[in-house]
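Trainee: Have a look at the structure that comes next, please.
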Amino acid sequence: MIPAELGSVPTTTSERRVFEALAASGLRGTALHSLNLPTHEYKLTSELDFVLVLDELVLVVEVKGAQISCNNGLWTYSDRSGHHRQDREGPFKQVTSGMYALRDRLREQIGVAVDDIAFGSLVVTPDVDLALSSFEWDAETYCGRGQFSREFVGAVNQAVAYWCRRQPDKLPIDKHLHGTLIQRLRPSFDRTPLLDARASTLDVAFVRLTDEQFTRLDLISEAPRVLCNGGAGTGKTFLATEVARRQALVGRAVLFLCRSEVLAAFVRELLTGTDVAVHAASELPSNQQFDAVMIDEAQDLMNFDCLDRLEATIAGGWSDGRWVMFMDQNRQADLYGDFDREALQYIQSFSPVPATLQTNCRNTREIAFQTRALTGADTGVAAAGSGPQVEFLTVDDQATETAALEAHLRMLRDHEVPVGAVTIVSLRGDWGTSAARGLRVARKGKLRQLDTDSAAGWPGADLTWASAVDIKGLENRFVCVIDIDSLDSEVEINLLYVALSRPRAGLWLATSPAVAARVAELYKTYAATALDALNKAGA
């Protein structure tokens, strides 16, 4: 099972029951839960509930919980809370389109070897029984409530046999091909659990760590002082939390520190159940020392004022203490205007072991390229695959910007993107003058601004708005960038770098004609280098 446990990962009750049934099934193979497809024939993105890589074939499983009905070709799904959703695309068409999108995606990644693999699909409705078979589906491709509760493994084996009979020329999936498929479906990613050391049961929240990060994790565990550099999206914050957790598990008193109170609230939630103390610099505890100190976004604290205050918390101080700094010197160093290079040289004088993160495990290739092409920052090698093209829209005034943003949000809803997966990032950072204030959802009071409360449950279920400064260290699936007054100063380009590097899947920007012209100038400066980096990465 990938992940090995669901823990506190948000999912539906029906998917959790199918997950548990698969985990206990004894089937030979690998089951991946909630696999995102960045490319789909007619959807902006597509999410597959489960993908089973078995000895015989790849089986895509679609799970529909609670009540389901179909009337004149219109499917209605009702959850336990009484909410209804209607769709002309039924679960059988949905899982079939997902299966073909997966096959095409794998063919792009692996090549003609995919043509020898059998693919199949199965719809599971754990709460209801539909008709055993229909014009739209055969009995072997469906598992209803009765069969799910009696013999789920039998239903899976039945679907496997059905699809293998329909594709008699396909070959079994050997061990090597199986490993290749898993590596492509979850490229270079492992999952590490966040352990609640004080509870009798595990409360697991999974964090993606790349192979590169595991190598750095080993290095950091051995070296007492480390200076780790990486661009946006290379996983510094998640690596910092994992290092902090492991240090606490071996009995050390651990402090996790950053400048932003918003980021501190987010990390505090990630480390719930551990003995790690999480503080923003403004909340730095006095008269207390720690055996190990993890400093995230260290470039924000790189001045002698902050370093003097921090040293008092480190047992042994800068010279003999145990500490790790995670920092991004690309375009985040001068965001607050008090970064001091002499302070960095002072830290380097204590000979911390250098570590570098180069794998961008957040952004798609398209987003990584555009970020570098506009800002010149080294965004690393994008490992998250390809996604939708980055969209730029020129608007004449704020009213037009609001209308364009409204239309884009409507398009995302039409493509079944949950509102909680979308964040509006304002470069100006002033809610009072933001174009987002005119949105219908804002007028209804349903647009949530990022603060310490919302950060603790980030990203949550609501559409969110954030300033570029506050969203540092956080991310979301889709990001809309607005309120770009100009890109003439280094500070504004630094803010743009932060905003562009937040999304995992989709990026949309609204610019005035003057800013659009400035974007063209920035492209002339940086695009060639960005394209060269993209080509060298083998994209």
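All residue names refer to the structure tokens as shown: chains lettered A, B, ... in order, residues numbered from 1 in each chain, ligands numbered from 1 in order.
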Which residues are near Leu335 of chain A? Cut-off 12 Å, only C-alpha atoms, ignore same chain within fewer than 3 positions. Put them as a VMD selection string.
Mentor: chain A and resid 259 297 to 302 328 to 332 338 to 340 468 to 470 472 489 to 498
Trainee: Would you output that residue set with N, CA and C atoms, as a PDB file, in the first residue's frame?
Mentor:
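Once written, result_31.pdb looks like this:
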ATOM      1  N   ARG A 259      10.883  32.606  10.946  1.00  0.00           N
ATOM      2  CA  ARG A 259      10.504  34.000  11.192  1.00  0.00           C
ATOM      3  C   ARG A 259       8.990  34.188  11.167  1.00  0.00           C
ATOM      4  N   GLU A 297      13.719  28.546   6.644  1.00  0.00           N
ATOM      5  CA  GLU A 297      13.753  29.872   6.020  1.00  0.00           C
ATOM      6  C   GLU A 297      14.803  30.736   6.735  1.00  0.00           C
ATOM      7  N   ALA A 298      15.995  30.147   6.910  1.00  0.00           N
ATOM      8  CA  ALA A 298      17.036  30.796   7.707  1.00  0.00           C
ATOM      9  C   ALA A 298      17.491  32.118   7.103  1.00  0.00           C
ATOM     10  N   GLN A 299      17.313  32.296   5.790  1.00  0.00           N
ATOM     11  CA  GLN A 299      17.707  33.578   5.184  1.00  0.00           C
ATOM     12  C   GLN A 299      16.914  34.739   5.779  1.00  0.00           C
ATOM     13  N   ASP A 300      15.713  34.456   6.310  1.00  0.00           N
ATOM     14  CA  ASP A 300      14.889  35.511   6.909  1.00  0.00           C
ATOM     15  C   ASP A 300      15.441  35.966   8.254  1.00  0.00           C
ATOM     16  N   LEU A 301      16.327  35.169   8.847  1.00  0.00           N
ATOM     17  CA  LEU A 301      16.872  35.479  10.171  1.00  0.00           C
ATOM     18  C   LEU A 301      18.365  35.744  10.114  1.00  0.00           C
ATOM     19  N   MET A 302      18.894  35.919   8.897  1.00  0.00           N
ATOM     20  CA  MET A 302      20.334  36.030   8.706  1.00  0.00           C
ATOM     21  C   MET A 302      20.813  37.469   8.904  1.00  0.00           C
ATOM     22  N   ASP A 328      17.081  29.436   1.410  1.00  0.00           N
ATOM     23  CA  ASP A 328      16.975  29.641  -0.033  1.00  0.00           C
ATOM     24  C   ASP A 328      17.580  31.004  -0.343  1.00  0.00           C
ATOM     25  N   GLN A 329      18.740  30.995  -1.010  1.00  0.00           N
ATOM     26  CA  GLN A 329      19.409  32.249  -1.336  1.00  0.00           C
ATOM     27  C   GLN A 329      19.027  32.761  -2.723  1.00  0.00           C
ATOM     28  N   ASN A 330      18.063  32.090  -3.387  1.00  0.00           N
ATOM     29  CA  ASN A 330      17.684  32.498  -4.738  1.00  0.00           C
ATOM     30  C   ASN A 330      17.153  33.918  -4.762  1.00  0.00           C
ATOM     31  N   ARG A 331      15.881  34.058  -4.367  1.00  0.00           N
ATOM     32  CA  ARG A 331      15.258  35.388  -4.363  1.00  0.00           C
ATOM     33  C   ARG A 331      14.425  35.595  -3.102  1.00  0.00           C
ATOM     34  N   GLN A 332      14.681  34.754  -2.089  1.00  0.00           N
ATOM     35  CA  GLN A 332      13.970  34.939  -0.833  1.00  0.00           C
ATOM     36  C   GLN A 332      14.856  35.591   0.220  1.00  0.00           C
ATOM     37  N   ASP A 338      16.526  42.722   5.508  1.00  0.00           N
ATOM     38  CA  ASP A 338      17.556  42.789   6.542  1.00  0.00           C
ATOM     39  C   ASP A 338      18.541  41.624   6.456  1.00  0.00           C
ATOM     40  N   PHE A 339      18.609  40.960   5.309  1.00  0.00           N
ATOM     41  CA  PHE A 339      19.584  39.891   5.112  1.00  0.00           C
ATOM     42  C   PHE A 339      20.991  40.492   5.081  1.00  0.00           C
ATOM     43  N   ASP A 340      21.893  39.891   5.854  1.00  0.00           N
ATOM     44  CA  ASP A 340      23.259  40.406   5.987  1.00  0.00           C
ATOM     45  C   ASP A 340      24.236  39.304   5.565  1.00  0.00           C
ATOM     46  N   ALA A 468       2.014  37.337  -0.685  1.00  0.00           N
ATOM     47  CA  ALA A 468       3.188  36.555  -1.083  1.00  0.00           C
ATOM     48  C   ALA A 468       4.130  36.348   0.098  1.00  0.00           C
ATOM     49  N   VAL A 469       4.195  37.314   1.000  1.00  0.00           N
ATOM     50  CA  VAL A 469       5.077  37.177   2.168  1.00  0.00           C
ATOM     51  C   VAL A 469       4.564  36.080   3.098  1.00  0.00           C
ATOM     52  N   ASP A 470       3.263  36.071   3.378  1.00  0.00           N
ATOM     53  CA  ASP A 470       2.712  35.127   4.343  1.00  0.00           C
ATOM     54  C   ASP A 470       2.710  33.684   3.846  1.00  0.00           C
ATOM     55  N   LYS A 472       4.949  32.138   2.175  1.00  0.00           N
ATOM     56  CA  LYS A 472       6.269  31.504   2.127  1.00  0.00           C
ATOM     57  C   LYS A 472       6.269  30.233   2.985  1.00  0.00           C
ATOM     58  N   SER A 489      11.243  46.626  -9.225  1.00  0.00           N
ATOM     59  CA  SER A 489      12.227  46.534  -8.149  1.00  0.00           C
ATOM     60  C   SER A 489      12.588  45.074  -7.872  1.00  0.00           C
ATOM     61  N   GLU A 490      13.743  44.881  -7.231  1.00  0.00           N
ATOM     62  CA  GLU A 490      14.174  43.542  -6.851  1.00  0.00           C
ATOM     63  C   GLU A 490      13.205  42.929  -5.836  1.00  0.00           C
ATOM     64  N   VAL A 491      12.684  43.747  -4.943  1.00  0.00           N
ATOM     65  CA  VAL A 491      11.737  43.244  -3.945  1.00  0.00           C
ATOM     66  C   VAL A 491      10.496  42.682  -4.628  1.00  0.00           C
ATOM     67  N   GLU A 492       9.996  43.380  -5.649  1.00  0.00           N
ATOM     68  CA  GLU A 492       8.793  42.901  -6.360  1.00  0.00           C
ATOM     69  C   GLU A 492       9.067  41.598  -7.098  1.00  0.00           C
ATOM     70  N   ILE A 493      10.244  41.467  -7.693  1.00  0.00           N
ATOM     71  CA  ILE A 493      10.578  40.218  -8.379  1.00  0.00           C
ATOM     72  C   ILE A 493      10.772  39.098  -7.363  1.00  0.00           C
ATOM     73  N   ASN A 494      11.315  39.435  -6.193  1.00  0.00           N
ATOM     74  CA  ASN A 494      11.443  38.433  -5.131  1.00  0.00           C
ATOM     75  C   ASN A 494      10.069  37.934  -4.696  1.00  0.00           C
ATOM     76  N   LEU A 495       9.117  38.851  -4.562  1.00  0.00           N
ATOM     77  CA  LEU A 495       7.745  38.463  -4.203  1.00  0.00           C
ATOM     78  C   LEU A 495       7.128  37.606  -5.301  1.00  0.00           C
ATOM     79  N   LEU A 496       7.410  37.958  -6.558  1.00  0.00           N
ATOM     80  CA  LEU A 496       6.902  37.168  -7.679  1.00  0.00           C
ATOM     81  C   LEU A 496       7.457  35.746  -7.616  1.00  0.00           C
ATOM     82  N   TYR A 497       8.733  35.612  -7.297  1.00  0.00           N
ATOM     83  CA  TYR A 497       9.364  34.297  -7.170  1.00  0.00           C
ATOM     84  C   TYR A 497       8.626  33.439  -6.143  1.00  0.00           C
ATOM     85  N   VAL A 498       8.299  34.028  -5.008  1.00  0.00           N
ATOM     86  CA  VAL A 498       7.569  33.290  -3.977  1.00  0.00           C
ATOM     87  C   VAL A 498       6.205  32.849  -4.508  1.00  0.00           C
TER      88      VAL A 498
END
Trainee: For the structure I just gave you, how does DSSP split segment 368-420 of chain A - specifically, which residues are helix (DSSP H, G or I)? Reply as number ranges by chain.
Mentor: A: 368-375, 398-414, 419-420
Trainee: Keeping only C-alpha atoms, write those residues as a CSV table (one decimal), in the first residue's frame.
Mentor:
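As a result, again.csv now contains:
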chain,number,residue,atom,x,y,z
A,368,ALA,CA,9.5,25.6,-12.6
A,369,PHE,CA,10.3,26.8,-16.1
A,370,GLN,CA,8.2,29.9,-15.9
A,371,THR,CA,9.5,30.8,-12.4
A,372,ARG,CA,13.0,30.7,-13.6
A,373,ALA,CA,12.2,32.4,-16.9
A,374,LEU,CA,10.7,35.4,-15.1
A,375,THR,CA,13.0,35.7,-12.0
A,398,GLN,CA,-9.1,46.2,-11.3
A,399,ALA,CA,-12.7,45.5,-12.3
A,400,THR,CA,-11.5,43.5,-15.3
A,401,GLU,CA,-9.0,41.7,-13.1
A,402,THR,CA,-11.8,40.7,-10.7
A,403,ALA,CA,-14.0,39.5,-13.5
A,404,ALA,CA,-11.1,37.5,-15.1
A,405,LEU,CA,-10.4,35.9,-11.7
A,406,GLU,CA,-14.0,35.1,-11.2
A,407,ALA,CA,-14.1,33.4,-14.6
A,408,HIS,CA,-11.0,31.4,-13.9
A,409,LEU,CA,-12.3,30.2,-10.6
A,410,ARG,CA,-15.5,29.2,-12.3
A,411,MET,CA,-13.5,27.2,-14.9
A,412,LEU,CA,-11.6,25.4,-12.1
A,413,ARG,CA,-14.9,24.5,-10.5
A,414,ASP,CA,-16.2,23.2,-13.8
A,419,VAL,CA,-12.2,25.2,-3.7
A,420,GLY,CA,-9.8,24.2,-0.9
Trainee: As an exercise, work out the distance from atom CA of Leu227 of chain A to atom CA of Leu239 of chain A in Å and give it to one decimal place.
Mentor: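 Spanning atom CA of Leu227 of chain A to atom CA of Leu239 of chain A is a straight-line distance of 12.9 Å.
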Trainee: DSSP on the backbone: which residues in segment 311-342 of chain A end up as strand (DSSP E or B)? Give the answer as a list in words.
Mentor: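 Strand (DSSP E or B) assignments inside segment 311-342 of chain A correspond to Ile314, Arg322, Trp323, Val324, Met325, Phe326 and Met327 of chain A.
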Trainee: Save out the residues we just selected, N, CA and C atoms, as a PDB file, in the first residue's frame.
Mentor:
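Final output, saved to part.pdb:
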ATOM      1  N   ILE A 314      20.691  27.729  21.923  1.00  0.00           N
ATOM      2  CA  ILE A 314      21.400  26.541  21.449  1.00  0.00           C
ATOM      3  C   ILE A 314      22.399  26.088  22.508  1.00  0.00           C
ATOM      4  N   ARG A 322      24.321  21.797  18.338  1.00  0.00           N
ATOM      5  CA  ARG A 322      23.760  20.999  17.241  1.00  0.00           C
ATOM      6  C   ARG A 322      22.647  21.811  16.602  1.00  0.00           C
ATOM      7  N   TRP A 323      22.839  22.188  15.319  1.00  0.00           N
ATOM      8  CA  TRP A 323      21.839  23.003  14.630  1.00  0.00           C
ATOM      9  C   TRP A 323      21.881  22.741  13.132  1.00  0.00           C
ATOM     10  N   VAL A 324      20.749  22.970  12.497  1.00  0.00           N
ATOM     11  CA  VAL A 324      20.629  22.849  11.039  1.00  0.00           C
ATOM     12  C   VAL A 324      19.887  24.072  10.530  1.00  0.00           C
ATOM     13  N   MET A 325      20.461  24.719   9.532  1.00  0.00           N
ATOM     14  CA  MET A 325      19.801  25.851   8.873  1.00  0.00           C
ATOM     15  C   MET A 325      19.347  25.427   7.474  1.00  0.00           C
ATOM     16  N   PHE A 326      18.089  25.695   7.160  1.00  0.00           N
ATOM     17  CA  PHE A 326      17.544  25.454   5.830  1.00  0.00           C
ATOM     18  C   PHE A 326      17.266  26.815   5.204  1.00  0.00           C
ATOM     19  N   MET A 327      17.856  27.069   4.040  1.00  0.00           N
ATOM     20  CA  MET A 327      17.698  28.402   3.473  1.00  0.00           C
ATOM     21  C   MET A 327      17.650  28.387   1.951  1.00  0.00           C
TER      22      MET A 327
END
Trainee: When you count only C-alpha atoms, which of these residues is closest to Glu269 of chain A: A:Gly457, A:Gly231, A:Ala530, A:Arg504?
Mentor: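 Among the listed residues, the smallest separation from Glu269 of chain A belongs to A:Gly457.
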Trainee: Can you list, as a VMD selection string, every protein, DNA or RNA residue that comes within 12 Å of Gly429 of chain A when you count only C-alpha atoms, leaving out same-chain residues fewer than 4 positions away?
Mentor: chain A and resid 424 to 425 433 to 436 449 to 450 465 to 471 481 to 485 492 495 to 496 499
Trainee: Between A:Arg268, A:His178, A:Arg103, A:Arg341, single out the one closest to Phe304 of chain A, counting only C-alpha atoms.
Mentor: A:Arg341
Trainee: Atom CA of Gly146 of chain A and atom CA of Leu27 of chain A are how many Å apart?
Mentor: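 According to the coordinates, atom CA of Gly146 of chain A and atom CA of Leu27 of chain A are separated by 20.1 Å.
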Trainee: Do you have the atom CA of Ala232 of chain A-atom CA of Ser501 of chain A distance handy?
Mentor: 6.1 Å
Trainee: Pick the closest to His33 of chain A from A:Ile68, A:Leu185, A:Leu507, A:Met99: which is it, counting only C-alpha atoms?
Mentor: A:Leu185
Trainee: List as a ChimeraX atom specification the protein and nucleic acid residues near Phe50 of chain A, meaning an atom at most 7 Å away when only C-alpha atoms are counted, but skip any in the same chain fewer than 4 places from it.
Mentor: /A:31-35,60-62
Trainee: I need the chosen residues saved as a PDB file, in the first residue's frame, with N, CA, C and O atoms.
Mentor:
ATOM      1  N   ALA A  31      -0.759  -1.280  -4.327  1.00  0.00           N
ATOM      2  CA  ALA A  31      -1.942  -0.430  -4.457  1.00  0.00           C
ATOM      3  C   ALA A  31      -1.552   1.000  -4.122  1.00  0.00           C
ATOM      4  O   ALA A  31      -0.995   1.262  -3.054  1.00  0.00           O
ATOM      5  N   LEU A  32      -1.821   1.926  -5.028  1.00  0.00           N
ATOM      6  CA  LEU A  32      -1.542   3.339  -4.806  1.00  0.00           C
ATOM      7  C   LEU A  32      -2.857   4.074  -4.619  1.00  0.00           C
ATOM      8  O   LEU A  32      -3.770   3.954  -5.449  1.00  0.00           O
ATOM      9  N   HIS A  33      -2.960   4.815  -3.539  1.00  0.00           N
ATOM     10  CA  HIS A  33      -4.188   5.543  -3.247  1.00  0.00           C
ATOM     11  C   HIS A  33      -4.091   6.982  -3.722  1.00  0.00           C
ATOM     12  O   HIS A  33      -3.062   7.631  -3.570  1.00  0.00           O
ATOM     13  N   SER A  34      -5.166   7.469  -4.336  1.00  0.00           N
ATOM     14  CA  SER A  34      -5.301   8.872  -4.722  1.00  0.00           C
ATOM     15  C   SER A  34      -4.153   9.329  -5.603  1.00  0.00           C
ATOM     16  O   SER A  34      -3.345  10.173  -5.235  1.00  0.00           O
ATOM     17  N   LEU A  35      -4.113   8.793  -6.812  1.00  0.00           N
ATOM     18  CA  LEU A  35      -3.050   9.136  -7.768  1.00  0.00           C
ATOM     19  C   LEU A  35      -3.525  10.257  -8.673  1.00  0.00           C
ATOM     20  O   LEU A  35      -4.546  10.125  -9.355  1.00  0.00           O
ATOM     21  N   VAL A  60      -7.418   0.041 -12.492  1.00  0.00           N
ATOM     22  CA  VAL A  60      -7.826   1.340 -11.941  1.00  0.00           C
ATOM     23  C   VAL A  60      -9.172   1.158 -11.239  1.00  0.00           C
ATOM     24  O   VAL A  60     -10.115   0.613 -11.827  1.00  0.00           O
ATOM     25  N   VAL A  61      -9.253   1.596  -9.984  1.00  0.00           N
ATOM     26  CA  VAL A  61     -10.450   1.383  -9.168  1.00  0.00           C
ATOM     27  C   VAL A  61     -11.079   2.730  -8.820  1.00  0.00           C
ATOM     28  O   VAL A  61     -10.415   3.616  -8.268  1.00  0.00           O
ATOM     29  N   GLU A  62     -12.344   2.881  -9.152  1.00  0.00           N
ATOM     30  CA  GLU A  62     -13.123   4.074  -8.819  1.00  0.00           C
ATOM     31  C   GLU A  62     -14.084   3.719  -7.688  1.00  0.00           C
ATOM     32  O   GLU A  62     -14.817   2.723  -7.766  1.00  0.00           O
TER      33      GLU A  62
END
